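J.: work.txt is reproduced below (compact mmCIF, C-alpha atoms and all ligand atoms).
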# COMPACT_ATOMS: atom_id res chain seq x y z
CA MET A 1 -53.36 149.29 118.33
CA ALA A 2 -53.44 148.97 114.57
CA ILE A 3 -51.85 151.95 112.86
CA TYR A 4 -53.81 151.34 109.70
CA SER A 5 -56.19 148.58 108.67
CA VAL A 6 -55.47 145.16 110.20
CA ASN A 7 -54.39 143.91 106.79
CA GLN A 8 -51.97 146.77 106.26
CA GLN A 9 -50.53 146.36 109.74
CA GLU A 10 -49.86 142.68 109.12
CA ILE A 11 -48.36 143.22 105.70
CA ALA A 12 -46.12 146.04 106.92
CA GLU A 13 -44.86 143.84 109.76
CA ARG A 14 -44.14 140.96 107.42
CA ILE A 15 -42.16 143.29 105.13
CA SER A 16 -40.00 144.80 107.87
CA PRO A 17 -40.59 143.27 111.29
CA GLU A 18 -38.40 145.70 113.23
CA SER A 19 -39.90 149.00 112.10
CA THR A 20 -43.41 149.57 110.87
CA SER A 21 -44.70 153.09 111.04
CA LEU A 22 -47.58 154.77 109.31
CA SER A 23 -45.34 157.41 107.80
CA GLN A 24 -43.27 154.66 106.22
CA TRP A 25 -46.34 152.88 104.87
CA LYS A 26 -47.56 156.13 103.37
CA ASP A 27 -44.23 156.89 101.73
CA TRP A 28 -44.66 156.10 98.06
CA LYS A 29 -40.97 155.39 97.60
CA TRP A 30 -41.08 152.86 100.43
CA GLN A 31 -44.08 151.27 98.72
CA LEU A 32 -42.21 151.10 95.41
CA LYS A 33 -39.09 149.70 97.03
CA HIS A 34 -41.16 146.95 98.57
CA ALA A 35 -43.30 146.21 95.52
CA ILE A 36 -43.93 142.47 95.47
CA GLN A 37 -42.39 140.82 92.43
CA SER A 38 -42.21 137.13 93.28
CA ILE A 39 -44.77 134.45 94.03
CA ASP A 40 -42.97 133.58 97.27
CA THR A 41 -43.23 137.08 98.68
CA PHE A 42 -46.80 137.38 97.47
CA GLU A 43 -47.77 134.20 99.33
CA LYS A 44 -45.82 135.15 102.41
CA LEU A 45 -47.25 138.65 102.71
CA LEU A 46 -50.81 137.60 102.04
CA GLY A 47 -50.49 134.51 104.24
CA ILE A 48 -51.65 132.10 101.54
CA ARG A 49 -50.13 128.98 100.02
CA LEU A 50 -50.66 127.79 96.45
CA GLU A 51 -50.34 124.18 95.38
CA ALA A 52 -47.06 123.11 93.81
CA THR A 53 -48.47 122.63 90.30
CA GLU A 54 -50.15 126.00 90.36
CA ARG A 55 -46.99 127.74 91.59
CA GLU A 56 -45.08 126.13 88.78
CA GLN A 57 -47.63 127.24 86.15
CA VAL A 58 -47.79 130.76 87.52
CA GLY A 59 -43.98 130.81 87.52
CA ARG A 60 -44.00 130.12 83.80
CA THR A 61 -46.40 133.02 83.22
CA LEU A 62 -43.98 135.29 85.06
CA GLU A 63 -41.24 134.53 82.57
CA THR A 64 -43.33 136.26 79.90
CA PHE A 65 -45.40 138.75 81.89
CA PRO A 66 -43.76 139.95 85.12
CA LEU A 67 -45.48 140.51 88.44
CA SER A 68 -45.45 143.69 90.47
CA ILE A 69 -47.88 144.85 93.13
CA THR A 70 -47.56 147.53 95.78
CA PRO A 71 -47.97 146.51 99.43
CA TYR A 72 -50.89 148.96 99.59
CA TYR A 73 -52.79 147.34 96.71
CA LEU A 74 -51.99 143.88 98.06
CA SER A 75 -53.53 144.90 101.38
CA LEU A 76 -56.91 145.30 99.67
CA ILE A 77 -57.07 141.56 98.91
CA ASP A 78 -59.32 139.48 101.10
CA ALA A 79 -56.96 136.59 101.93
CA ASP A 80 -59.86 134.37 103.03
CA ASP A 81 -61.46 134.45 99.61
CA PHE A 82 -58.61 135.50 97.37
CA ARG A 83 -59.58 133.34 94.37
CA ASN A 84 -62.55 135.56 93.56
CA ASP A 85 -61.04 138.76 94.84
CA PRO A 86 -61.18 141.58 92.25
CA VAL A 87 -57.82 142.97 93.35
CA PHE A 88 -56.16 139.55 93.34
CA LEU A 89 -57.51 138.85 89.85
CA GLN A 90 -56.12 142.14 88.53
CA ALA A 91 -52.70 141.68 90.12
CA PHE A 92 -51.78 138.00 90.38
CA PRO A 93 -50.59 136.17 87.23
CA SER A 94 -52.72 133.43 85.77
CA PRO A 95 -51.48 130.51 83.64
CA LYS A 96 -54.28 131.50 81.26
CA GLU A 97 -52.21 134.52 80.20
CA LEU A 98 -50.06 132.17 78.14
CA GLU A 99 -53.02 130.91 76.13
CA VAL A 100 -53.02 133.03 73.01
CA GLY A 101 -56.39 132.92 71.31
CA ARG A 102 -56.82 132.82 67.55
CA HIS A 103 -57.92 136.42 67.27
CA GLU A 104 -55.48 137.96 69.67
CA MET A 105 -52.68 140.30 68.72
CA ALA A 106 -49.61 141.76 70.37
CA ASP A 107 -50.61 145.30 69.38
CA PRO A 108 -54.35 145.24 68.58
CA LEU A 109 -54.65 149.02 68.56
CA ALA A 110 -51.78 149.32 66.04
CA GLU A 111 -50.18 151.93 68.28
CA ASP A 112 -46.74 151.13 66.98
CA GLU A 113 -47.86 151.79 63.39
CA ASP A 114 -49.41 155.13 64.33
CA SER A 115 -46.14 156.25 65.85
CA PRO A 116 -44.41 159.06 63.89
CA VAL A 117 -41.52 159.30 66.40
CA PRO A 118 -40.64 157.06 69.34
CA GLY A 119 -43.04 157.54 72.23
CA VAL A 120 -45.79 159.28 70.26
CA THR A 121 -49.04 157.68 69.06
CA HIS A 122 -50.85 160.01 66.69
CA ARG A 123 -54.13 158.25 65.87
CA TYR A 124 -56.75 161.00 66.00
CA PRO A 125 -56.63 164.35 64.18
CA ASP A 126 -56.14 166.74 67.08
CA ARG A 127 -54.65 164.77 69.96
CA VAL A 128 -51.70 162.50 70.66
CA LEU A 129 -50.50 160.02 73.27
CA LEU A 130 -47.04 160.76 74.61
CA HIS A 131 -45.59 157.70 76.34
CA ILE A 132 -43.25 159.03 78.98
CA SER A 133 -42.76 155.90 81.07
CA ASN A 134 -42.47 152.18 80.50
CA VAL A 135 -42.95 151.36 84.16
CA CYS A 136 -45.83 151.02 86.56
CA SER A 137 -46.00 150.49 90.30
CA MET A 138 -48.40 147.61 89.67
CA TYR A 139 -48.65 145.49 86.57
CA CYS A 140 -52.30 145.07 85.71
CA ARG A 141 -52.84 141.53 84.45
CA HIS A 142 -55.30 142.99 81.93
CA CYS A 143 -52.83 145.54 80.51
CA THR A 144 -53.50 146.27 76.85
CA ARG A 145 -49.79 147.07 76.41
CA LYS A 146 -48.78 143.74 77.94
CA ARG A 147 -46.33 143.25 75.09
CA LYS A 148 -44.24 146.08 76.48
CA VAL A 149 -44.38 145.27 80.19
CA GLY A 150 -41.02 144.40 81.58
CA ASP A 151 -39.06 144.18 78.34
CA GLN A 152 -37.78 147.72 78.62
CA ASP A 153 -38.38 148.59 82.21
CA PHE A 154 -37.32 152.19 82.23
CA ILE A 155 -38.18 155.84 82.05
CA PRO A 156 -37.05 157.38 78.75
CA GLU A 157 -34.16 159.83 78.63
CA ARG A 158 -34.75 163.53 78.08
CA GLU A 159 -33.56 163.24 74.46
CA THR A 160 -36.18 160.62 73.65
CA ILE A 161 -38.96 162.60 75.29
CA LEU A 162 -37.74 165.77 73.56
CA GLN A 163 -38.21 164.06 70.19
CA GLY A 164 -41.87 163.55 71.08
CA ILE A 165 -42.24 167.11 72.33
CA GLU A 166 -40.54 168.39 69.16
CA TYR A 167 -43.03 166.42 67.04
CA ILE A 168 -45.89 168.06 68.93
CA ARG A 169 -44.27 171.49 68.53
CA GLN A 170 -44.02 170.97 64.76
CA THR A 171 -47.59 169.66 64.46
CA PRO A 172 -50.01 172.55 65.00
CA VAL A 173 -53.17 170.42 64.75
CA VAL A 174 -52.31 168.83 68.10
CA ARG A 175 -54.32 170.68 70.72
CA ASP A 176 -54.56 167.93 73.35
CA VAL A 177 -51.65 165.86 74.69
CA LEU A 178 -52.22 162.74 76.76
CA LEU A 179 -49.31 161.72 78.93
CA SER A 180 -49.40 157.96 79.10
CA GLY A 181 -47.10 155.02 79.56
CA GLY A 182 -46.60 153.03 81.69
CA ASP A 183 -47.59 155.32 84.45
CA PRO A 184 -46.46 158.95 84.03
CA LEU A 185 -46.50 159.41 87.81
CA MET A 186 -43.58 156.97 88.10
CA LEU A 187 -41.46 159.96 87.08
CA SER A 188 -40.07 162.26 89.73
CA ASP A 189 -41.90 165.54 90.32
CA ASP A 190 -38.99 167.45 88.77
CA TYR A 191 -38.85 165.38 85.61
CA LEU A 192 -42.61 165.64 85.15
CA ASP A 193 -42.45 169.38 85.83
CA TRP A 194 -39.89 169.73 83.05
CA ILE A 195 -42.07 167.82 80.55
CA LEU A 196 -45.18 169.81 81.46
CA THR A 197 -43.25 173.08 81.19
CA GLU A 198 -41.96 172.13 77.72
CA LEU A 199 -45.47 171.21 76.57
CA ARG A 200 -46.92 174.39 78.02
CA SER A 201 -44.45 176.42 75.99
CA ILE A 202 -46.18 175.20 72.81
CA PRO A 203 -48.92 177.71 71.95
CA HIS A 204 -51.23 175.25 70.16
CA VAL A 205 -51.31 172.76 73.06
CA GLN A 206 -54.54 173.75 74.78
CA VAL A 207 -55.05 170.82 77.11
CA ILE A 208 -52.78 168.30 78.79
CA ARG A 209 -54.07 165.07 80.27
CA ILE A 210 -52.35 162.54 82.50
CA GLY A 211 -53.48 158.92 82.53
CA THR A 212 -52.43 157.26 85.79
CA ARG A 213 -53.46 154.38 88.00
CA MET A 214 -51.67 155.78 91.05
CA PRO A 215 -54.85 156.86 92.90
CA VAL A 216 -55.90 153.19 92.71
CA VAL A 217 -52.71 151.21 93.29
CA LEU A 218 -50.45 153.71 95.09
CA PRO A 219 -52.51 156.66 96.34
CA TYR A 220 -49.59 157.92 98.46
CA ARG A 221 -47.94 159.04 95.22
CA ILE A 222 -50.37 161.97 95.30
CA THR A 223 -48.41 164.24 97.62
CA ASP A 224 -48.78 167.93 98.43
CA ALA A 225 -45.60 168.61 96.46
CA LEU A 226 -46.86 166.74 93.38
CA VAL A 227 -50.20 168.51 93.45
CA ALA A 228 -48.56 171.94 93.90
CA MET A 229 -46.41 171.23 90.84
CA LEU A 230 -49.31 169.95 88.68
CA LYS A 231 -51.39 173.02 89.49
CA LYS A 232 -48.90 175.26 87.73
CA HIS A 233 -49.70 173.63 84.42
CA HIS A 234 -53.44 174.12 84.07
CA PRO A 235 -55.59 173.31 82.15
CA LEU A 236 -54.56 169.82 83.22
CA TRP A 237 -56.90 166.84 83.39
CA VAL A 238 -56.29 163.51 85.07
CA ASN A 239 -57.85 160.21 84.10
CA THR A 240 -57.51 157.27 86.42
CA HIS A 241 -58.46 153.61 86.30
CA PHE A 242 -60.76 152.20 88.99
CA ASN A 243 -62.42 148.94 88.04
CA HIS A 244 -64.18 147.88 91.22
CA PRO A 245 -65.84 149.72 94.12
CA ARG A 246 -63.57 147.86 96.57
CA GLU A 247 -60.65 149.90 95.20
CA ILE A 248 -62.14 153.07 96.61
CA THR A 249 -60.59 153.25 100.07
CA ALA A 250 -59.88 156.00 102.59
CA SER A 251 -56.41 156.43 101.06
CA SER A 252 -57.64 156.63 97.48
CA ARG A 253 -60.39 159.07 98.50
CA GLU A 254 -57.75 161.28 100.04
CA ALA A 255 -55.65 161.20 96.86
CA LEU A 256 -58.64 162.03 94.67
CA SER A 257 -59.64 164.86 96.95
CA MET A 258 -56.17 166.41 96.79
CA LEU A 259 -56.25 166.33 92.99
CA ALA A 260 -59.77 167.70 92.79
CA ASN A 261 -58.95 170.46 95.28
CA ALA A 262 -56.12 171.52 92.99
CA GLY A 263 -58.75 172.20 90.33
CA ILE A 264 -57.88 169.15 88.26
CA PRO A 265 -60.94 167.66 86.56
CA LEU A 266 -60.92 163.91 87.22
CA GLY A 267 -62.15 161.15 84.93
CA ASN A 268 -62.15 157.39 85.21
CA GLN A 269 -61.59 154.73 82.58
CA SER A 270 -62.73 151.24 83.56
CA VAL A 271 -62.19 148.02 81.66
CA LEU A 272 -64.88 145.40 81.62
CA LEU A 273 -63.25 142.28 83.10
CA ALA A 274 -64.77 138.83 83.47
CA GLY A 275 -64.83 137.79 87.11
CA VAL A 276 -63.99 141.30 88.30
CA ASN A 277 -66.70 143.77 87.33
CA ASP A 278 -68.94 142.10 84.72
CA CYS A 279 -72.03 142.91 86.73
CA PRO A 280 -74.46 145.85 86.43
CA ARG A 281 -74.74 146.20 90.22
CA ILE A 282 -70.97 146.32 90.72
CA MET A 283 -70.62 148.91 87.97
CA LYS A 284 -73.43 151.02 89.38
CA SER A 285 -71.84 150.94 92.82
CA LEU A 286 -68.50 151.91 91.26
CA VAL A 287 -69.84 154.91 89.33
CA HIS A 288 -71.70 156.13 92.41
CA LYS A 289 -68.54 156.00 94.50
CA LEU A 290 -66.61 157.76 91.75
CA VAL A 291 -68.95 160.73 91.49
CA GLU A 292 -69.06 160.94 95.29
CA ASN A 293 -65.33 161.56 95.03
CA ARG A 294 -65.65 164.09 92.20
CA VAL A 295 -64.51 161.65 89.52
CA ARG A 296 -66.55 161.59 86.33
CA PRO A 297 -66.88 158.10 84.82
CA TYR A 298 -65.43 158.70 81.35
CA TYR A 299 -65.06 155.42 79.47
CA LEU A 300 -66.04 151.83 80.06
CA TYR A 301 -63.80 149.82 77.74
CA GLN A 302 -64.53 146.51 76.15
CA CYS A 303 -61.44 144.37 76.91
CA ASP A 304 -58.94 144.60 74.03
CA LEU A 305 -57.83 141.68 71.87
CA SER A 306 -54.32 141.79 73.32
CA GLU A 307 -52.47 138.52 73.73
CA GLY A 308 -53.05 136.83 77.05
CA LEU A 309 -56.31 138.54 77.91
CA SER A 310 -58.86 135.99 76.66
CA HIS A 311 -59.84 134.90 80.16
CA PHE A 312 -60.78 138.51 80.96
CA ARG A 313 -62.93 139.10 77.89
CA THR A 314 -66.72 139.33 78.13
CA PRO A 315 -69.19 139.51 75.25
CA ILE A 316 -69.93 143.08 74.11
CA GLY A 317 -73.50 142.39 75.22
CA MET A 318 -72.35 142.61 78.84
CA GLY A 319 -71.27 146.20 78.30
CA VAL A 320 -74.53 147.08 76.57
CA GLU A 321 -76.46 145.50 79.44
CA ILE A 322 -74.48 147.61 81.91
CA MET A 323 -75.23 150.75 79.91
CA GLU A 324 -78.91 149.77 79.91
CA SER A 325 -78.76 149.53 83.71
CA LEU A 326 -77.20 152.97 84.11
CA ARG A 327 -78.74 155.42 81.62
CA GLY A 328 -81.89 156.90 83.09
CA HIS A 329 -81.54 154.80 86.24
CA THR A 330 -78.91 157.09 87.71
CA SER A 331 -77.38 160.57 87.36
CA GLY A 332 -76.42 161.33 83.79
CA PHE A 333 -72.90 162.36 84.77
CA ALA A 334 -72.37 158.97 86.44
CA VAL A 335 -72.81 157.19 83.10
CA PRO A 336 -69.59 156.47 81.18
CA THR A 337 -69.39 155.96 77.42
CA PHE A 338 -69.02 152.28 76.57
CA VAL A 339 -66.38 151.89 73.85
CA VAL A 340 -64.71 149.18 71.86
CA ASP A 341 -61.22 150.14 70.79
CA ALA A 342 -61.47 148.50 67.42
CA PRO A 343 -58.65 146.11 66.48
CA GLY A 344 -56.31 147.18 63.73
CA GLY A 345 -56.21 150.73 65.02
CA GLY A 346 -59.89 151.35 64.24
CA GLY A 347 -60.06 153.59 67.28
CA LYS A 348 -62.71 153.95 69.94
CA ILE A 349 -66.21 153.11 68.82
CA PRO A 350 -69.04 153.96 71.22
CA LEU A 351 -71.80 151.41 71.74
CA ASN A 352 -75.19 152.02 73.26
CA PRO A 353 -78.50 150.23 73.54
CA ASN A 354 -80.78 151.32 70.69
CA TYR A 355 -83.18 154.03 71.71
CA LEU A 356 -84.28 154.98 68.20
CA LEU A 357 -87.04 152.57 67.15
CA SER A 358 -88.23 154.06 63.90
CA LEU A 359 -88.85 157.26 62.00
CA SER A 360 -90.99 158.80 59.28
CA THR A 361 -90.65 162.18 57.56
CA ASN A 362 -92.30 163.96 60.48
CA LYS A 363 -92.08 161.66 63.50
CA VAL A 364 -89.46 159.77 65.41
CA VAL A 365 -90.35 156.76 67.57
CA LEU A 366 -88.17 156.36 70.62
CA ARG A 367 -88.11 154.21 73.71
CA ASN A 368 -86.78 155.23 77.09
CA TYR A 369 -84.97 153.29 79.82
CA GLU A 370 -88.30 152.19 81.34
CA GLY A 371 -89.53 150.69 78.10
CA VAL A 372 -91.95 153.52 77.43
CA ILE A 373 -92.37 153.95 73.68
CA THR A 374 -92.87 157.54 72.74
CA THR A 375 -92.78 159.86 69.75
CA TYR A 376 -91.05 163.09 68.92
CA GLN A 377 -92.83 165.32 66.44
CA GLU A 378 -90.37 166.85 64.00
CA PRO A 379 -90.76 170.61 63.34
CA ASP A 380 -93.26 171.48 60.56
CA SER A 381 -91.08 174.15 59.15
CA TYR A 382 -87.37 173.87 59.35
CA LYS A 383 -85.41 175.55 56.67
CA PRO A 384 -82.45 173.33 55.93
CA ILE A 385 -79.24 175.28 55.90
CA TYR A 386 -77.13 174.77 52.88
CA CYS A 387 -73.69 174.80 54.42
CA ASP A 388 -70.84 175.77 52.13
CA ARG A 389 -68.49 176.18 55.13
CA LYS A 390 -68.18 179.89 54.41
CA CYS A 391 -68.73 180.72 58.03
CA ASP A 392 -68.14 184.46 57.68
CA ASP A 393 -71.25 184.79 55.48
CA CYS A 394 -73.46 182.64 57.69
CA HIS A 395 -76.18 184.03 59.96
CA LEU A 396 -74.99 181.62 62.69
CA GLN A 397 -72.32 183.60 64.41
CA LEU A 398 -69.27 181.39 64.72
CA LYS A 399 -66.97 184.39 64.29
CA LEU A 400 -63.73 182.64 65.09
CA ASP A 401 -60.39 183.44 63.56
CA ASP A 402 -60.08 179.89 62.36
CA GLY A 403 -63.73 179.60 61.37
CA GLN A 404 -62.85 179.13 57.72
CA GLU A 405 -60.57 176.21 58.28
CA PHE A 406 -62.47 173.05 57.96
CA ARG A 407 -61.73 169.59 56.77
CA SER A 408 -64.21 166.82 57.33
CA THR A 409 -63.72 163.09 57.09
CA GLY A 410 -65.79 159.96 57.36
CA ILE A 411 -69.53 160.00 57.91
CA GLU A 412 -69.37 163.70 58.79
CA ARG A 413 -68.14 164.32 55.27
CA LEU A 414 -70.94 162.24 53.74
CA LEU A 415 -73.46 164.35 55.64
CA SER A 416 -71.95 167.65 54.61
CA ASN A 417 -73.14 169.88 51.75
CA HIS A 418 -69.80 171.36 50.90
CA ASP A 419 -68.27 168.07 49.79
CA ASP A 420 -69.38 166.03 46.79
CA SER A 421 -68.62 162.58 48.20
CA ILE A 422 -71.62 160.32 48.05
CA ALA A 423 -70.10 157.08 49.33
CA LEU A 424 -67.16 155.72 51.26
CA THR A 425 -65.71 152.74 49.46
CA PRO A 426 -63.07 150.46 50.93
CA GLU A 427 -59.73 150.56 49.21
CA GLY A 428 -59.32 147.57 46.87
CA ASN A 429 -63.07 147.13 46.45
CA GLU A 430 -63.32 144.51 43.68
CA ARG A 431 -65.92 146.31 41.63
CA MET A 432 -63.91 149.53 41.66
CA VAL A 433 -60.73 147.70 40.74
CA ARG A 434 -62.53 146.08 37.80
CA ARG A 435 -63.71 149.51 36.59
CA ASP A 436 -60.16 150.78 36.57
CA GLU A 437 -58.89 147.88 34.51
C1 LIG A 501 -57.91 156.87 73.59
C2 LIG A 501 -56.94 157.52 72.77
C3 LIG A 501 -56.88 158.92 72.66
C4 LIG A 501 -57.83 159.82 73.40
O1 LIG A 501 -59.13 159.62 73.01
P1 LIG A 501 -60.29 160.48 73.66
O2 LIG A 501 -61.53 159.87 73.11
O3 LIG A 501 -60.06 161.89 73.26
O4 LIG A 501 -60.18 160.32 75.15
C5 LIG A 501 -55.92 159.47 71.85
N1 LIG A 501 -55.06 158.70 71.15
C6 LIG A 501 -55.10 157.35 71.21
C7 LIG A 501 -54.14 156.55 70.41
C8 LIG A 501 -56.03 156.71 72.04
O5 LIG A 501 -56.07 155.38 72.10
Would you encode the structure as structure tokens?
T.:
Amino acid sequence: MAIYSVNQQEIAERISPESTSLSQWKDWKWQLKHAIQSIDTFEKLLGIRLEATEREQVGRTLETFPLSITPYYLSLIDADDFRNDPVFLQAFPSPKELEVGRHEMADPLAEDEDSPVPGVTHRYPDRVLLHISNVCSMYCRHCTRKRKVGDQDFIPERETILQGIEYIRQTPVVRDVLLSGGDPLMLSDDYLDWILTELRSIPHVQVIRIGTRMPVVLPYRITDALVAMLKKHHPLWVNTHFNHPREITASSREALSMLANAGIPLGNQSVLLAGVNDCPRIMKSLVHKLVENRVRPYYLYQCDLSEGLSHFRTPIGMGVEIMESLRGHTSGFAVPTFVVDAPGGGGKIPLNPNYLLSLSTNKVVLRNYEGVITTYQEPDSYKPIYCDRKCDDCHLQLKLDDGQEFRSTGIERLLSNHDDSIALTPEGNERMVRRDE
């Protein structure tokens, strides 16, 4: 009798013929110890054979971008049709990774430049990424931090992480800390507990988030002990990374349920990947399965311009088409925000189909998801509020201690009354330079 799925049974037996028990298979450390890191083992465990030239080409890719996949995640691959398998495509190296396109960059999000101390990316005003691990249980072929994979395969020392924590402690605007990596759940429960305790001792840190792919690639990492530890550090949010409905299995459902039962709000960040999920029906099926498991689809990312990802990139139009197929057609909370993380550190830019068709001084013309064109009548009398940001004197009752503190930037600033800016002009604008001369 199979102790798990037929696939898992076979893979477990090929890994250790003499002893294969379910408790071993579900032990995350056993899974990590047996992570597949060579083409040979991959072929052997999956029961496939690549042609010599292909093996040689894939081997060359491995020299630059290493391979690692957990036995669990491998077991999700359909060996009979592995070439088009979404799990295979996300986990097995392709020679195409060595083709660097003209527009591709090692660090398209300029994370290294936005790094005030090692391990911290401070890009947005009130939140930071804290990289606490350079390792993952599975190396996603589409990793945006591909440049870092494998070259420093380790978990940073306490001193290094303390530098990051110290930066956060000294920077009161930071109210939201995202633990990232690598995969933060590669750390031991104790080490993670220490980091979370340190962060929780900082009064201005309101929210902590963990970004992890463990529920997808190694769901057995979500243990009772881990969840009991995480619960102590609320408010704690977890974002995970499902890309295809096939990744939602009995084991991953169990992991998600344990996290949700601990009161941890769950979100999902998908990446649009050619050949994997560039299909409105696949994405709709994915978001439905996510909400069924109490996971809120958070972002759908356009694939970054990182080196070695060109074969995964789709046109932005694919993402807009997917958004068109979701909004209105399904539950609002099942619809993620489609974003492009703009190259050069431009940050996340949301993209949507256009719903605003036109407007006059008293009417707005809109269209809905069905193609119905409709109008919204603006109010006849609306007294514009002249906002001088003196919130204490305003009839709207903000009444917060920090109500007076306000700095605005960007378009928000252009729209404001309290600031005199009338235009945003790029630095080095020729006309402006000429005026200064
Ligand atoms: C994505 C990201 C964040 C978090 O952005 P949210 O929109 O708040 O989820 C923070 N810092 C960096 C550098 C990021 O890339």
J.: Quick one: distance from CA of Arg209 (chain A) to CA of Tyr139 (chain A) in Å, one decimal?
T.: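 Straight-line distance from CA of Arg209 (chain A) to CA of Tyr139 (chain A) works out to 21.3 Å.
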J.: Please, which residues have at least one atom within 8 Å of an atom of ligand LIG 501 (chain A), using all atoms listed in the file, listed as a list in words?
T.: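 Checking all atoms listed in the file against ligand LIG 501 (chain A) at 8 Å gives Leu109, Glu111, Asp114, Thr121, His122, Arg123, Tyr124, Arg127, Val128, Leu129, Leu178, Asp341, Gly347 and Lys348 of chain A.
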J.: Within 12 Å of Ile385 (chain A), counting only C-alpha atoms, which residues qualify if same-chain residues fewer than 3 places away don't, as a PyMOL selection string?
T.: chain A and resi 382+388-389+394-396+416-418
J.: Between CA of Val238 (chain A) and CA of Asp27 (chain A), what is the spacing in Å?
T.: 21.6 Å
J.: Write out as a PyMOL selection string which residues come within 10 Å of Ile373 (chain A) when counting only C-alpha atoms, dropping same-chain ones fewer than 4 positions away.
T.: chain A and resi 355-357+365-369
J.: Region 207-251 of chain A near region 262-280 of chain A within 8 Å: what's each residue's closest atom pair and its distance in Å to one decimal, counting all atoms listed in the file, ordered by chain then ascending residue number, as JSON lines?
T.:
{"residue": "A:Val227", "atom": "CA", "partner": "A:Ala262", "partner_atom": "CA", "distance": 6.7}
{"residue": "A:Ala228", "atom": "CA", "partner": "A:Ala262", "partner_atom": "CA", "distance": 7.6}
{"residue": "A:Lys231", "atom": "CA", "partner": "A:Ala262", "partner_atom": "CA", "distance": 6.1}
{"residue": "A:His234", "atom": "CA", "partner": "A:Ile264", "partner_atom": "CA", "distance": 7.9}
{"residue": "A:Pro235", "atom": "CA", "partner": "A:Ile264", "partner_atom": "CA", "distance": 7.7}
{"residue": "A:Leu236", "atom": "CA", "partner": "A:Ile264", "partner_atom": "CA", "distance": 6.1}
{"residue": "A:Trp237", "atom": "CA", "partner": "A:Pro265", "partner_atom": "CA", "distance": 5.2}
{"residue": "A:Val238", "atom": "CA", "partner": "A:Leu266", "partner_atom": "CA", "distance": 5.1}
{"residue": "A:Asn239", "atom": "CA", "partner": "A:Gly267", "partner_atom": "CA", "distance": 4.5}
{"residue": "A:Thr240", "atom": "CA", "partner": "A:Asn268", "partner_atom": "CA", "distance": 4.8}
{"residue": "A:His241", "atom": "CA", "partner": "A:Gln269", "partner_atom": "CA", "distance": 5.0}
{"residue": "A:Phe242", "atom": "CA", "partner": "A:Ser270", "partner_atom": "CA", "distance": 5.9}
{"residue": "A:Asn243", "atom": "CA", "partner": "A:Ser270", "partner_atom": "CA", "distance": 5.0}
{"residue": "A:His244", "atom": "CA", "partner": "A:Asn277", "partner_atom": "CA", "distance": 6.2}
J.: Around the point (-46.2, 156.3, 100.8), in the coordinates given by the file, pick out the residues reaching within 10 Å, counting only C-alpha atoms, and return them as a ChimeraX atom specification.
T.: /A:22-32,72,218-223
J.: For CA of Leu226 (chain A) and CA of Ser257 (chain A), determine how far apart the two atoms are, in Å to one decimal place.
T.: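 Between CA of Leu226 (chain A) and CA of Ser257 (chain A) the gap is 13.4 Å.
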J.: Smallest atom-to-atom distance to Leu98 (chain A): which of A:Asp40, A:Asp380, A:Asp176, A:Glu63, using only C-alpha atoms?
T.: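 For Leu98 (chain A), the nearest of the candidates is A:Glu63.
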J.: Near His329 (chain A), counting all atoms listed in the file, which residues have an atom at most 12 Å away, once you skip same-chain residues fewer than 5 positions from it, shown as a list in words?
T.: Pro280, Arg281, Lys284, His288, Ile322, Met323, Glu324, Ala334, Val335, Asn368, Tyr369 and Glu370 of chain A
J.: Restrict the selected residues to C-alpha atoms and save them as a PDB file, in the frame of the given file.
T.:
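Everything below was put into result.pdb:
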ATOM      1  CA  PRO A 280     -74.460 145.850  86.430  1.00  0.00           C
ATOM      2  CA  ARG A 281     -74.740 146.200  90.220  1.00  0.00           C
ATOM      3  CA  LYS A 284     -73.430 151.020  89.380  1.00  0.00           C
ATOM      4  CA  HIS A 288     -71.700 156.130  92.410  1.00  0.00           C
ATOM      5  CA  ILE A 322     -74.480 147.610  81.910  1.00  0.00           C
ATOM      6  CA  MET A 323     -75.230 150.750  79.910  1.00  0.00           C
ATOM      7  CA  GLU A 324     -78.910 149.770  79.910  1.00  0.00           C
ATOM      8  CA  ALA A 334     -72.370 158.970  86.440  1.00  0.00           C
ATOM      9  CA  VAL A 335     -72.810 157.190  83.100  1.00  0.00           C
ATOM     10  CA  ASN A 368     -86.780 155.230  77.090  1.00  0.00           C
ATOM     11  CA  TYR A 369     -84.970 153.290  79.820  1.00  0.00           C
ATOM     12  CA  GLU A 370     -88.300 152.190  81.340  1.00  0.00           C
TER      13      GLU A 370
END
J.: Of the candidates A:Ala250, A:Val339, A:Leu185, A:Ile195, which shows the shortest atom-to-atom distance to Ser137 (chain A), using all atoms listed in the file?
T.: A:Leu185
J.: Calculated over all atoms listed in the file, which of the candidates A:Thr337, A:Ser19, A:Gln90, A:Thr70 has the smallest distance to Pro353 (chain A)?
T.: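 Among the listed residues, the smallest separation from Pro353 (chain A) belongs to A:Thr337.
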J.: Considering all atoms listed in the file, state which residue in the set A:Ala106, A:Ile15, A:Val58, A:Ile202 is at the smallest distance from Thr41 (chain A).
T.: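 Selected residue with least distance to Thr41 (chain A): A:Ile15.
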J.: Please identify all polymer residues within 8 Å of Ser68 (chain A), counting only C-alpha atoms, omitting same-chain residues fewer than 4 positions from it, and present them as a list in words.
T.: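 The residues that qualify are Ala35, Ile36, Gln37, Ser38, Ala91, Ser137, Met138 and Tyr139 of chain A.
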